[in-house]
Amino acid sequence: MTDLAPKYNPNEVEKGRYQEWLDEDLFKPSGDKKAHPYSIVIPPPNVTGKLHLGHAWDTAIQDTLIRFKLMEGYDTLYLPGMDHAGIATQAKVEAKLRKQGKDRHQMGREAFVKQVWDWKDEYANIIKGQWAKMGLSLDYSRERFTLDKGLSKAVRKVFVQLYNEGLIYRGEYIINWDPELQTALSDIEVIHKDDKGAFYHIKYPFVDGSGFVEIATTRPETMFGDTAVAVAPGDERYKDIVGKELVLPLVGRHIPIIEDQHVDPEFGTGLVKITPAHDPNDFQVGNRHNLERINVMNDDGTMNEEAGKYAGMDRFEAREALVKDLKKEGYLIKVEPIVHSVGHSERSGVQVEPRLSKQWFVKMKPLAEEVLKNQKTDGKVNFVPERFEGTLNHWMEDVHDWVISRQLWWGHRIPAWYNKKTGETYVGEEAPKDIENWEQDPDVLDTWFSSALWPFSTLGWPDTDNPDFKRYFPTNTLVTGYDIIFFWVSRMIFQGLHFTKKRPFKDVVLHGLMRDEQGRKMSKSLGNGVDPMDVVDKYGADALRWFLLNGTAPGQDTRYDPKKLAAAWNFINKIWNASRFVIMNLPEDAKPAHMPDTTKFDLADSWIFDRLNHTVSEVTRLFDEYKFGEAGRELYNFIWNDFCDWYIEISKVALNGDDEELKARKQENLIWILDQILRLMHPIMPFVTEKLWLSMPHEGKSIMTAKYPETHAEFENKQADNDMAFLIEVIKAVRNIRMEVNAPMSSQIDIMIQLDDEANKHILDDNAEYVENFLHPKNLQVAADIEAPKLAKTAVIPGAQIFVPLTELVNVDDELKKMEKEEKRLEEEVQRAEKKLANQGFVAHAPEAVVNKEKEKKADYESQLAGVRERMKELKESK
């Protein structure tokens with residue numbers, strides 16, 4: 001046994017422990033083929049920077065599940081890895097290079113990509129250090145990276161297969177374009193925000209000089225790409241001008257007036273300019289009417305030669321100059337300020353430009369239909385909370401084709417080559433043999449394309465004979481935030497189903513966002529982010545993990561609260577002190593915890609072991625249901641209230657007594673319960689439980705490999721639970737009276753206990769030693785027919801009334817006021833119970849046990865109320 005410091009110090013407890021676990025290979029699967037496999041692949045963090053509290057939340061839940069299942073006897077795998085995060089990482093590295101006066105285009109692709117690999121290596125090491133500080137039981141021998149050789153093979157296989165199936169195609173479409181990063185974005189990489197803008201009302205004159213039409217637009221700089229003006233079919237206002245031609249202001253090009261169903265006749269003037277290369281709806285109109293597509297912008301958001309004298313100007317500068325010129329030439333009717341929703345790049349923050357571009361797309365409808373069909377089967381993906389399944393289904397029902405090409409250098413190069421002579425396209429897992437005649441597509445794939453394969457590519461797929469793939473796929477549980485259901489969860493599901501014919505994971509456990517103390521989302525702009533490693537340094541990893549699991553419910557946001565972290569540290573210190581007390585009171589030759597002899601239990605023993613049974617049962621169930629907050633409350637109540645505040649205090653009577661046999665039994669009971677507590681807590685608090693478990697008699701090299709607690713039929717004792725509850729209520733009532741009248745425990749006082757039921761007398765008689773130690777009575781009367789003294793401090797508890805004669809200490813008027821308050825409280829409780837039981841909906845639909853419990857509570861309150869009223873009567877008569 002090891003000496004423990006008087007106070008819990010997380011830095012000392014956690015120092016070096018992680019490396020010891022690694023040295024012992026405790027994070028690798030057991031390899032026991034008889035055991036059920038249980039696997040979690042870590043949601044791969046981006047190598048863009050350090051991990052934040054959201055990552056800590058993710059991984060705390062994941063590691064708790066893995067450690068829990070390992071102790072339950074499962075063959076567990078917790079697989080680590082990271083995501084190359086193409087657009088995000090490239091943006092970070094480009095920003096770093098700009099500060100150094102460098103540009104990727106000047107450097108060239110090869111040199112730039114080397115810089116990004118250096119960045120990746122730096123931040124991968126930082127992230128691994130953070131994983132270690134959190135105590136994550138990751139099997140690093142299986143670590144993966146989304147750009148490693150195996151995953152790259154899987155990506156090429158998927159791309160080529162989808163292409164051959166007609167589910168990947170290349171075409172010109174309107175896409176979201178980021179002018180700063182100069183790459184395409186998918187719809188879900190665009191954040192819509194309210195911006196100040198304007199409707200610019202412009203005259204478009206008729207070619208024949210017969211007047212003009214009024215066109216309103218928010219983006220006048222795109223007018224250089226206008227190829228028509230449209231009206232709604234059958235709009236009586238404009239039936240005479242359909243087919244006529246207009247002069248494009250400042251340009252002079254002639255454009256027709258057409259009819260198209262896209263136009264809403266109720267909106268604005270009912271006339272809409274059509275710019276097929278710069279608006280997704282106009283693109284469709286252009287296709288229906290065979291209109292020319294004129295792109296008026298360069299990749300960087302500047303105007304091109306189609307914009308005439310505005311060529312080379314930034315799009316917003318061109319807008320200002322153009323509007324001035326329109327006004328000068330008499331084309332501008334008015335400018336109407338508005339606030340409208342505008343798309344911004346999730347990564348760079350700049351306004352997205354809808355723009356015609358040739359890109360690679362995934363045809364989503366067939367893949368989405370596979371998901372929707374599977375969600376109606378027993379093999380569906382289960383969402384926790386269940387309501388988020390609706391989020392998945394809604395997205396799949398309204399899905400658009402996914403633009404997967406990105407104009408970046410960091411990422412999976414698209415496995416497509418174009419023949420320099422014939423223009424032929426070749427798509428394959430390997431380059432063409434006569435490579436000198438072919439040029440590979442310069443673009444890379446969207447990051448989510450490779451991370452969508454994560455649950456199976458990390459386990460060796462496409463090699464379906466890979467032992468890891470055969471044993472650990474599908475994985476069991478995915479833990480992530482609800483904010484990336486669209487980005488990642490949905491894509492893993494449709495790729496998993498399409499390529500493996502199986503769901504990629506059984507359950508998806510979704511948590512919310514980590515907010516600051518004021519409820520605001522944590523962000524760099526607000527400066528309210530919290531580094532989880534700073535929290536670990538101050539409070540310890542175990543306290544952070546307890547806070548992250550104990551204060552949350554699935555699918556709900558939570559607030560970062562330093563007070564709760566301090567409370568978590570305090571709870572661990574309570575466990576530390578309790579453990580230290582138990583270990584210090586063990587004999588030198590103490591053996592590891594073993595099943596106690598229940599036939600020699602006294603009331604307190606029978607009670608604590610029944611409470612232990614209940615706690616084990618509930619925590620196991622709640623862990624399996626992912627209700628970690630509720631499990632935490634069960635653990636807290638048992639450890640702090642039942643074990644520390646009551647059983648340890650009661651055990652001190654025997655430990656300080658002369659009965660050696662009784663003392664030995666208490667020692668055996670204490671070490672058994674402590675052992676079980678440490679095992680129960682280990683999945684959440686791995687460091688401190690390991691330290692304490694190794695500090696007492698134990699078998700095995702680590703608590704990680706110890707068996708998780710199970711219930712034992714011989715520990716069940718509901719009568720002991722009830723009897724002990726009565727004894728505790730008596731002790732608490734007398735203690736409260738002592739506090740109220742400032743009578744310290746060292747002073748003896750007369751105590752009278754009037755029982756509602758004489759049968760309860762044995763509880764106090766059989767536990768006379770505890771009664772003596774905890775009540776310290778001068779004279780003790782226990783009976784059903786006690787005559788209450790005229791003046792006494794009174795407490796009413798379930799099953800009894802307690803009187804402490806205090807003639808010299810109690811003011812009758814004050815006592816009556818307190819009794820009146822208690823009478824009012826009990827009246828309200830009785831009324832509440834009566835109202836609930838009068839509700840036919842509750843009585844008819846609630847479980848019978850719940851209804852009976854409510855009836856018992858009502859009867860109990862009525863009994864207490866009667867006692868209070870009787871005592872009030874006696875007090876009034878004593879005056």
# chains A, B, ... in the order shown; residues from 1 in each chain; ligands from 1

call {"tool": "closest_atom_pairs", "arguments": {"of": "region 166-236 of chain A", "to": "region 251-266 of chain A", "cutoff": "6 Å", "atoms": "only C-alpha atoms", "output": "tab-separated table"}}
result
residue	atom	partner	partner_atom	distance
A:Thr227	CA	A:Ile255	CA	5.5
A:Ala228	CA	A:Ile255	CA	4.9
A:Val229	CA	A:Ile257	CA	4.8
A:Ala230	CA	A:Ile258	CA	4.7
A:Val231	CA	A:Glu259	CA	4.9
A:Ala232	CA	A:Val263	CA	5.0
A:Pro233	CA	A:Glu259	CA	5.1

call {"tool": "write_last_selection", "arguments": {"atoms": "C-alpha atoms", "output": "PDB file, in the first residue's frame"}}
result
ATOM      1  CA  THR A 227     -28.525  37.670 -71.642  1.00  0.00           C
ATOM      2  CA  ALA A 228     -32.291  38.249 -71.245  1.00  0.00           C
ATOM      3  CA  VAL A 229     -35.047  39.841 -69.196  1.00  0.00           C
ATOM      4  CA  ALA A 230     -37.864  37.486 -68.145  1.00  0.00           C
ATOM      5  CA  VAL A 231     -41.533  37.876 -67.243  1.00  0.00           C
ATOM      6  CA  ALA A 232     -43.998  35.323 -65.916  1.00  0.00           C
ATOM      7  CA  PRO A 233     -45.980  33.397 -68.578  1.00  0.00           C
TER       8      PRO A 233
END

call {"tool": "residues_around", "arguments": {"residues": "Leu250 (chain A)", "least_positions_apart": "6", "cutoff": "12 Å", "atoms": "only C-alpha atoms", "output": "list in words"}}
result
Ile202, Lys203, Tyr204, Pro205, Pro220, Glu221, Met223, Phe224, Ala307, Gly308, Lys309, Tyr310, Leu322, Val323, Lys324, Asp325, Leu326, Lys327, Lys328, Glu329, Gly330, Tyr331 and Leu332 of chain A

call {"tool": "write_last_selection", "arguments": {"atoms": "N, CA, C and O atoms", "output": "PDB file, in the first residue's frame"}}
result
ATOM      1  N   ILE A 202     -32.909  50.053 -62.279  1.00  0.00           N
ATOM      2  CA  ILE A 202     -32.182  50.484 -63.473  1.00  0.00           C
ATOM      3  C   ILE A 202     -33.107  50.457 -64.689  1.00  0.00           C
ATOM      4  O   ILE A 202     -33.923  49.534 -64.840  1.00  0.00           O
ATOM      5  N   LYS A 203     -32.941  51.448 -65.568  1.00  0.00           N
ATOM      6  CA  LYS A 203     -33.688  51.485 -66.832  1.00  0.00           C
ATOM      7  C   LYS A 203     -32.995  50.600 -67.867  1.00  0.00           C
ATOM      8  O   LYS A 203     -31.793  50.742 -68.110  1.00  0.00           O
ATOM      9  N   TYR A 204     -33.772  49.688 -68.462  1.00  0.00           N
ATOM     10  CA  TYR A 204     -33.303  48.913 -69.606  1.00  0.00           C
ATOM     11  C   TYR A 204     -34.128  49.391 -70.820  1.00  0.00           C
ATOM     12  O   TYR A 204     -35.306  49.023 -70.957  1.00  0.00           O
ATOM     13  N   PRO A 205     -33.558  50.213 -71.727  1.00  0.00           N
ATOM     14  CA  PRO A 205     -34.334  50.801 -72.832  1.00  0.00           C
ATOM     15  C   PRO A 205     -34.673  49.761 -73.915  1.00  0.00           C
ATOM     16  O   PRO A 205     -33.934  48.791 -74.131  1.00  0.00           O
ATOM     17  N   PRO A 220     -25.682  44.801 -59.287  1.00  0.00           N
ATOM     18  CA  PRO A 220     -25.610  45.431 -60.613  1.00  0.00           C
ATOM     19  C   PRO A 220     -24.345  45.074 -61.394  1.00  0.00           C
ATOM     20  O   PRO A 220     -24.353  45.088 -62.617  1.00  0.00           O
ATOM     21  N   GLU A 221     -23.254  44.720 -60.667  1.00  0.00           N
ATOM     22  CA  GLU A 221     -22.000  44.402 -61.365  1.00  0.00           C
ATOM     23  C   GLU A 221     -22.111  43.161 -62.243  1.00  0.00           C
ATOM     24  O   GLU A 221     -21.278  42.927 -63.134  1.00  0.00           O
ATOM     25  N   MET A 223     -24.553  42.690 -64.332  1.00  0.00           N
ATOM     26  CA  MET A 223     -25.384  42.994 -65.506  1.00  0.00           C
ATOM     27  C   MET A 223     -24.619  42.780 -66.814  1.00  0.00           C
ATOM     28  O   MET A 223     -25.224  42.568 -67.866  1.00  0.00           O
ATOM     29  N   PHE A 224     -23.285  42.808 -66.750  1.00  0.00           N
ATOM     30  CA  PHE A 224     -22.498  42.564 -67.956  1.00  0.00           C
ATOM     31  C   PHE A 224     -22.699  41.134 -68.470  1.00  0.00           C
ATOM     32  O   PHE A 224     -22.398  40.844 -69.619  1.00  0.00           O
ATOM     33  N   ALA A 307     -16.402  42.977 -68.501  1.00  0.00           N
ATOM     34  CA  ALA A 307     -16.911  44.163 -67.804  1.00  0.00           C
ATOM     35  C   ALA A 307     -16.374  45.466 -68.397  1.00  0.00           C
ATOM     36  O   ALA A 307     -16.579  46.541 -67.822  1.00  0.00           O
ATOM     37  N   GLY A 308     -15.684  45.387 -69.512  1.00  0.00           N
ATOM     38  CA  GLY A 308     -15.212  46.601 -70.195  1.00  0.00           C
ATOM     39  C   GLY A 308     -14.265  47.419 -69.351  1.00  0.00           C
ATOM     40  O   GLY A 308     -13.264  46.891 -68.838  1.00  0.00           O
ATOM     41  N   LYS A 309     -14.561  48.680 -69.179  1.00  0.00           N
ATOM     42  CA  LYS A 309     -13.638  49.579 -68.465  1.00  0.00           C
ATOM     43  C   LYS A 309     -13.515  49.234 -66.975  1.00  0.00           C
ATOM     44  O   LYS A 309     -12.629  49.733 -66.286  1.00  0.00           O
ATOM     45  N   TYR A 310     -14.413  48.397 -66.466  1.00  0.00           N
ATOM     46  CA  TYR A 310     -14.359  48.014 -65.040  1.00  0.00           C
ATOM     47  C   TYR A 310     -13.484  46.776 -64.810  1.00  0.00           C
ATOM     48  O   TYR A 310     -13.344  46.317 -63.679  1.00  0.00           O
ATOM     49  N   LEU A 322     -19.854  51.542 -61.193  1.00  0.00           N
ATOM     50  CA  LEU A 322     -20.924  51.299 -62.157  1.00  0.00           C
ATOM     51  C   LEU A 322     -22.179  52.086 -61.811  1.00  0.00           C
ATOM     52  O   LEU A 322     -22.822  52.699 -62.685  1.00  0.00           O
ATOM     53  N   VAL A 323     -22.543  52.085 -60.535  1.00  0.00           N
ATOM     54  CA  VAL A 323     -23.747  52.801 -60.105  1.00  0.00           C
ATOM     55  C   VAL A 323     -23.588  54.307 -60.370  1.00  0.00           C
ATOM     56  O   VAL A 323     -24.545  54.983 -60.811  1.00  0.00           O
ATOM     57  N   LYS A 324     -22.393  54.822 -60.133  1.00  0.00           N
ATOM     58  CA  LYS A 324     -22.144  56.251 -60.424  1.00  0.00           C
ATOM     59  C   LYS A 324     -22.344  56.541 -61.904  1.00  0.00           C
ATOM     60  O   LYS A 324     -22.963  57.535 -62.294  1.00  0.00           O
ATOM     61  N   ASP A 325     -21.828  55.639 -62.731  1.00  0.00           N
ATOM     62  CA  ASP A 325     -21.944  55.840 -64.174  1.00  0.00           C
ATOM     63  C   ASP A 325     -23.379  55.689 -64.651  1.00  0.00           C
ATOM     64  O   ASP A 325     -23.830  56.403 -65.558  1.00  0.00           O
ATOM     65  N   LEU A 326     -24.117  54.732 -64.063  1.00  0.00           N
ATOM     66  CA  LEU A 326     -25.527  54.553 -64.426  1.00  0.00           C
ATOM     67  C   LEU A 326     -26.325  55.831 -64.106  1.00  0.00           C
ATOM     68  O   LEU A 326     -27.204  56.253 -64.868  1.00  0.00           O
ATOM     69  N   LYS A 327     -25.982  56.394 -62.933  1.00  0.00           N
ATOM     70  CA  LYS A 327     -26.662  57.631 -62.535  1.00  0.00           C
ATOM     71  C   LYS A 327     -26.304  58.768 -63.494  1.00  0.00           C
ATOM     72  O   LYS A 327     -27.179  59.538 -63.951  1.00  0.00           O
ATOM     73  N   LYS A 328     -25.028  58.873 -63.829  1.00  0.00           N
ATOM     74  CA  LYS A 328     -24.534  59.929 -64.711  1.00  0.00           C
ATOM     75  C   LYS A 328     -25.187  59.856 -66.092  1.00  0.00           C
ATOM     76  O   LYS A 328     -25.533  60.886 -66.700  1.00  0.00           O
ATOM     77  N   GLU A 329     -25.388  58.625 -66.582  1.00  0.00           N
ATOM     78  CA  GLU A 329     -25.939  58.437 -67.920  1.00  0.00           C
ATOM     79  C   GLU A 329     -27.469  58.392 -67.928  1.00  0.00           C
ATOM     80  O   GLU A 329     -28.084  58.168 -68.976  1.00  0.00           O
ATOM     81  N   GLY A 330     -28.085  58.551 -66.747  1.00  0.00           N
ATOM     82  CA  GLY A 330     -29.539  58.615 -66.672  1.00  0.00           C
ATOM     83  C   GLY A 330     -30.238  57.274 -66.618  1.00  0.00           C
ATOM     84  O   GLY A 330     -31.458  57.194 -66.829  1.00  0.00           O
ATOM     85  N   TYR A 331     -29.491  56.199 -66.327  1.00  0.00           N
ATOM     86  CA  TYR A 331     -30.097  54.860 -66.265  1.00  0.00           C
ATOM     87  C   TYR A 331     -30.571  54.490 -64.859  1.00  0.00           C
ATOM     88  O   TYR A 331     -31.388  53.590 -64.701  1.00  0.00           O
ATOM     89  N   LEU A 332     -30.044  55.137 -63.827  1.00  0.00           N
ATOM     90  CA  LEU A 332     -30.388  54.783 -62.448  1.00  0.00           C
ATOM     91  C   LEU A 332     -31.663  55.497 -62.026  1.00  0.00           C
ATOM     92  O   LEU A 332     -31.734  56.734 -62.045  1.00  0.00           O
TER      93      LEU A 332
END

call {"tool": "closest_atom_pairs", "arguments": {"of": "region 561-630 of chain A", "to": "region 522-540 of chain A", "cutoff": "12 Å", "atoms": "only C-alpha atoms", "output": "JSON lines"}}
result
{"residue": "A:Asp561", "atom": "CA", "partner": "A:Val530", "partner_atom": "CA", "distance": 10.7}
{"residue": "A:Pro562", "atom": "CA", "partner": "A:Val535", "partner_atom": "CA", "distance": 8.9}
{"residue": "A:Lys563", "atom": "CA", "partner": "A:Tyr539", "partner_atom": "CA", "distance": 11.1}
{"residue": "A:Lys564", "atom": "CA", "partner": "A:Tyr539", "partner_atom": "CA", "distance": 10.7}
{"residue": "A:Leu565", "atom": "CA", "partner": "A:Tyr539", "partner_atom": "CA", "distance": 7.0}
{"residue": "A:Ala566", "atom": "CA", "partner": "A:Tyr539", "partner_atom": "CA", "distance": 7.1}
{"residue": "A:Ala567", "atom": "CA", "partner": "A:Tyr539", "partner_atom": "CA", "distance": 9.9}
{"residue": "A:Ala568", "atom": "CA", "partner": "A:Tyr539", "partner_atom": "CA", "distance": 8.3}
{"residue": "A:Trp569", "atom": "CA", "partner": "A:Tyr539", "partner_atom": "CA", "distance": 6.1}
{"residue": "A:Asn570", "atom": "CA", "partner": "A:Tyr539", "partner_atom": "CA", "distance": 9.6}
{"residue": "A:Phe571", "atom": "CA", "partner": "A:Tyr539", "partner_atom": "CA", "distance": 11.5}
{"residue": "A:Ile572", "atom": "CA", "partner": "A:Gly540", "partner_atom": "CA", "distance": 10.0}
{"residue": "A:Asn573", "atom": "CA", "partner": "A:Tyr539", "partner_atom": "CA", "distance": 11.0}

call {"tool": "write_last_selection", "arguments": {"atoms": "N, CA, C and O atoms", "output": "compact mmCIF listing (two decimals), in the first residue's frame"}}
result
# COMPACT_ATOMS: atom_id res chain seq x y z
N ASP A 561 -18.55 26.53 -16.89
CA ASP A 561 -18.76 27.15 -15.59
C ASP A 561 -17.61 26.78 -14.65
O ASP A 561 -17.53 25.64 -14.18
N PRO A 562 -16.71 27.72 -14.40
CA PRO A 562 -15.58 27.44 -13.50
C PRO A 562 -16.02 26.96 -12.12
O PRO A 562 -15.32 26.17 -11.48
N LYS A 563 -17.18 27.42 -11.66
CA LYS A 563 -17.67 26.99 -10.33
C LYS A 563 -17.95 25.48 -10.34
O LYS A 563 -17.71 24.80 -9.35
N LYS A 564 -18.47 25.00 -11.45
CA LYS A 564 -18.75 23.56 -11.54
C LYS A 564 -17.46 22.75 -11.62
O LYS A 564 -17.39 21.63 -11.14
N LEU A 565 -16.43 23.33 -12.23
CA LEU A 565 -15.13 22.65 -12.27
C LEU A 565 -14.51 22.60 -10.88
O LEU A 565 -13.92 21.59 -10.49
N ALA A 566 -14.66 23.70 -10.15
CA ALA A 566 -14.17 23.70 -8.76
C ALA A 566 -14.93 22.67 -7.93
O ALA A 566 -14.34 21.97 -7.09
N ALA A 567 -16.23 22.55 -8.18
CA ALA A 567 -17.04 21.54 -7.48
C ALA A 567 -16.60 20.14 -7.87
O ALA A 567 -16.60 19.22 -7.03
N ALA A 568 -16.23 19.95 -9.14
CA ALA A 568 -15.74 18.64 -9.59
C ALA A 568 -14.45 18.28 -8.86
O ALA A 568 -14.27 17.15 -8.40
N TRP A 569 -13.53 19.26 -8.77
CA TRP A 569 -12.29 19.02 -8.02
C TRP A 569 -12.61 18.66 -6.57
O TRP A 569 -12.01 17.75 -5.99
N ASN A 570 -13.57 19.36 -6.00
CA ASN A 570 -13.95 19.12 -4.61
C ASN A 570 -14.51 17.71 -4.41
O ASN A 570 -14.26 17.05 -3.40
N PHE A 571 -15.28 17.26 -5.38
CA PHE A 571 -15.83 15.90 -5.32
C PHE A 571 -14.71 14.86 -5.37
O PHE A 571 -14.71 13.88 -4.60
N ILE A 572 -13.75 15.10 -6.27
CA ILE A 572 -12.62 14.16 -6.35
C ILE A 572 -11.83 14.18 -5.05
O ILE A 572 -11.38 13.13 -4.56
N ASN A 573 -11.67 15.35 -4.47
CA ASN A 573 -10.96 15.45 -3.18
C ASN A 573 -11.71 14.67 -2.09
O ASN A 573 -11.10 14.07 -1.20

call {"tool": "select_by_dssp", "arguments": {"residues": "region 611-704 of chain A", "states": "helix (DSSP H, G or I)", "output": "PDB file with C-alpha atoms, in the first residue's frame"}}
result
ATOM      1  CA  ARG A 611     -27.482   1.030  -2.046  1.00  0.00           C
ATOM      2  CA  LEU A 612     -24.347  -0.154  -3.869  1.00  0.00           C
ATOM      3  CA  ASN A 613     -26.423  -2.713  -5.768  1.00  0.00           C
ATOM      4  CA  HIS A 614     -28.889  -0.021  -6.789  1.00  0.00           C
ATOM      5  CA  THR A 615     -26.097   2.315  -7.904  1.00  0.00           C
ATOM      6  CA  VAL A 616     -24.349  -0.361  -9.988  1.00  0.00           C
ATOM      7  CA  SER A 617     -27.624  -1.307 -11.662  1.00  0.00           C
ATOM      8  CA  GLU A 618     -28.645   2.274 -12.441  1.00  0.00           C
ATOM      9  CA  VAL A 619     -25.236   3.521 -13.597  1.00  0.00           C
ATOM     10  CA  THR A 620     -24.775   0.532 -15.904  1.00  0.00           C
ATOM     11  CA  ARG A 621     -28.216   1.098 -17.421  1.00  0.00           C
ATOM     12  CA  LEU A 622     -27.696   4.835 -17.795  1.00  0.00           C
ATOM     13  CA  PHE A 623     -24.269   4.405 -19.395  1.00  0.00           C
ATOM     14  CA  ASP A 624     -25.787   1.989 -21.915  1.00  0.00           C
ATOM     15  CA  PHE A 628     -24.172  10.340 -18.473  1.00  0.00           C
ATOM     16  CA  GLY A 629     -25.585  13.279 -16.521  1.00  0.00           C
ATOM     17  CA  GLU A 630     -28.106  11.042 -14.766  1.00  0.00           C
ATOM     18  CA  ALA A 631     -25.423   8.403 -14.141  1.00  0.00           C
ATOM     19  CA  GLY A 632     -23.241  11.110 -12.600  1.00  0.00           C
ATOM     20  CA  ARG A 633     -25.995  12.100 -10.178  1.00  0.00           C
ATOM     21  CA  GLU A 634     -26.411   8.475  -9.073  1.00  0.00           C
ATOM     22  CA  LEU A 635     -22.666   8.161  -8.489  1.00  0.00           C
ATOM     23  CA  TYR A 636     -22.421  11.473  -6.669  1.00  0.00           C
ATOM     24  CA  ASN A 637     -25.314  10.712  -4.316  1.00  0.00           C
ATOM     25  CA  PHE A 638     -24.022   7.269  -3.460  1.00  0.00           C
ATOM     26  CA  ILE A 639     -20.394   8.276  -2.960  1.00  0.00           C
ATOM     27  CA  TRP A 640     -20.844  11.613  -1.210  1.00  0.00           C
ATOM     28  CA  ASN A 641     -24.058  11.058   0.744  1.00  0.00           C
ATOM     29  CA  ASP A 642     -24.367   7.340   1.395  1.00  0.00           C
ATOM     30  CA  PHE A 643     -20.748   6.232   1.604  1.00  0.00           C
ATOM     31  CA  CYS A 644     -18.809   9.247   2.839  1.00  0.00           C
ATOM     32  CA  ASP A 645     -21.358  11.086   4.975  1.00  0.00           C
ATOM     33  CA  TRP A 646     -23.017   8.060   6.522  1.00  0.00           C
ATOM     34  CA  TYR A 647     -21.345   4.682   6.151  1.00  0.00           C
ATOM     35  CA  ILE A 648     -17.807   5.853   6.844  1.00  0.00           C
ATOM     36  CA  GLU A 649     -19.006   7.896   9.833  1.00  0.00           C
ATOM     37  CA  ILE A 650     -20.980   4.931  11.175  1.00  0.00           C
ATOM     38  CA  SER A 651     -18.017   2.599  10.589  1.00  0.00           C
ATOM     39  CA  LYS A 652     -15.796   4.763  12.780  1.00  0.00           C
ATOM     40  CA  VAL A 653     -17.718   3.450  15.793  1.00  0.00           C
ATOM     41  CA  ALA A 654     -16.421  -0.073  15.119  1.00  0.00           C
ATOM     42  CA  LEU A 655     -12.997   1.030  13.862  1.00  0.00           C
ATOM     43  CA  GLU A 660     -11.469  -6.788  16.781  1.00  0.00           C
ATOM     44  CA  GLU A 661     -13.753  -9.147  14.894  1.00  0.00           C
ATOM     45  CA  LEU A 662     -16.261  -6.359  14.203  1.00  0.00           C
ATOM     46  CA  LYS A 663     -13.436  -4.012  13.230  1.00  0.00           C
ATOM     47  CA  ALA A 664     -12.091  -6.583  10.713  1.00  0.00           C
ATOM     48  CA  ARG A 665     -15.545  -7.002   9.165  1.00  0.00           C
ATOM     49  CA  LYS A 666     -15.908  -3.234   8.771  1.00  0.00           C
ATOM     50  CA  GLN A 667     -12.462  -3.020   7.163  1.00  0.00           C
ATOM     51  CA  GLU A 668     -13.404  -5.754   4.683  1.00  0.00           C
ATOM     52  CA  ASN A 669     -16.680  -4.033   3.885  1.00  0.00           C
ATOM     53  CA  LEU A 670     -15.031  -0.638   3.453  1.00  0.00           C
ATOM     54  CA  ILE A 671     -12.361  -1.898   1.078  1.00  0.00           C
ATOM     55  CA  TRP A 672     -14.946  -3.809  -0.974  1.00  0.00           C
ATOM     56  CA  ILE A 673     -17.160  -0.746  -1.379  1.00  0.00           C
ATOM     57  CA  LEU A 674     -14.192   1.524  -2.105  1.00  0.00           C
ATOM     58  CA  ASP A 675     -12.936  -0.951  -4.700  1.00  0.00           C
ATOM     59  CA  GLN A 676     -16.377  -0.966  -6.343  1.00  0.00           C
ATOM     60  CA  ILE A 677     -16.612   2.840  -6.235  1.00  0.00           C
ATOM     61  CA  LEU A 678     -13.234   3.224  -7.948  1.00  0.00           C
ATOM     62  CA  ARG A 679     -14.265   0.758 -10.646  1.00  0.00           C
ATOM     63  CA  LEU A 680     -17.567   2.578 -11.160  1.00  0.00           C
ATOM     64  CA  MET A 681     -15.782   5.912 -11.442  1.00  0.00           C
ATOM     65  CA  PRO A 686      -9.222   7.330 -15.128  1.00  0.00           C
ATOM     66  CA  PHE A 687      -6.235   8.992 -13.458  1.00  0.00           C
ATOM     67  CA  VAL A 688      -7.315   9.360  -9.831  1.00  0.00           C
ATOM     68  CA  THR A 689      -9.065   5.978  -9.743  1.00  0.00           C
ATOM     69  CA  GLU A 690      -5.917   4.269 -11.038  1.00  0.00           C
ATOM     70  CA  LYS A 691      -3.790   6.011  -8.407  1.00  0.00           C
ATOM     71  CA  LEU A 692      -6.133   5.119  -5.546  1.00  0.00           C
ATOM     72  CA  TRP A 693      -6.759   1.555  -6.716  1.00  0.00           C
ATOM     73  CA  LEU A 694      -3.029   0.863  -6.977  1.00  0.00           C
ATOM     74  CA  ILE A 703      -7.848  -0.832 -12.748  1.00  0.00           C
ATOM     75  CA  MET A 704      -8.405  -0.619 -16.524  1.00  0.00           C
TER      76      MET A 704
END

call {"tool": "closest_residue", "arguments": {"among": "A:Arg17, A:Thr458, A:His344, A:Asp605", "to": "Asp148 (chain A)", "atoms": "only C-alpha atoms"}}
result
A:Thr458

call {"tool": "residues_around", "arguments": {"residues": "region 415-430 of chain A", "least_positions_apart": "4", "cutoff": "12 Å", "atoms": "only C-alpha atoms", "output": "ChimeraX atom specification"}}
result
/A:152-164,168-170,360,405,411,434-445

call {"tool": "residues_around", "arguments": {"residues": "Lys133 (chain A)", "least_positions_apart": "2", "cutoff": "8 Å", "atoms": "only C-alpha atoms", "output": "PyMOL selection string"}}
result
chain A and resi 18+129-131+135-136+533+536+541

call {"tool": "residues_around", "arguments": {"residues": "Gly73 (chain A)", "least_positions_apart": "4", "cutoff": "9 Å", "atoms": "only C-alpha atoms", "output": "ChimeraX atom specification"}}
result
/A:35-36,68-69,705,707-708
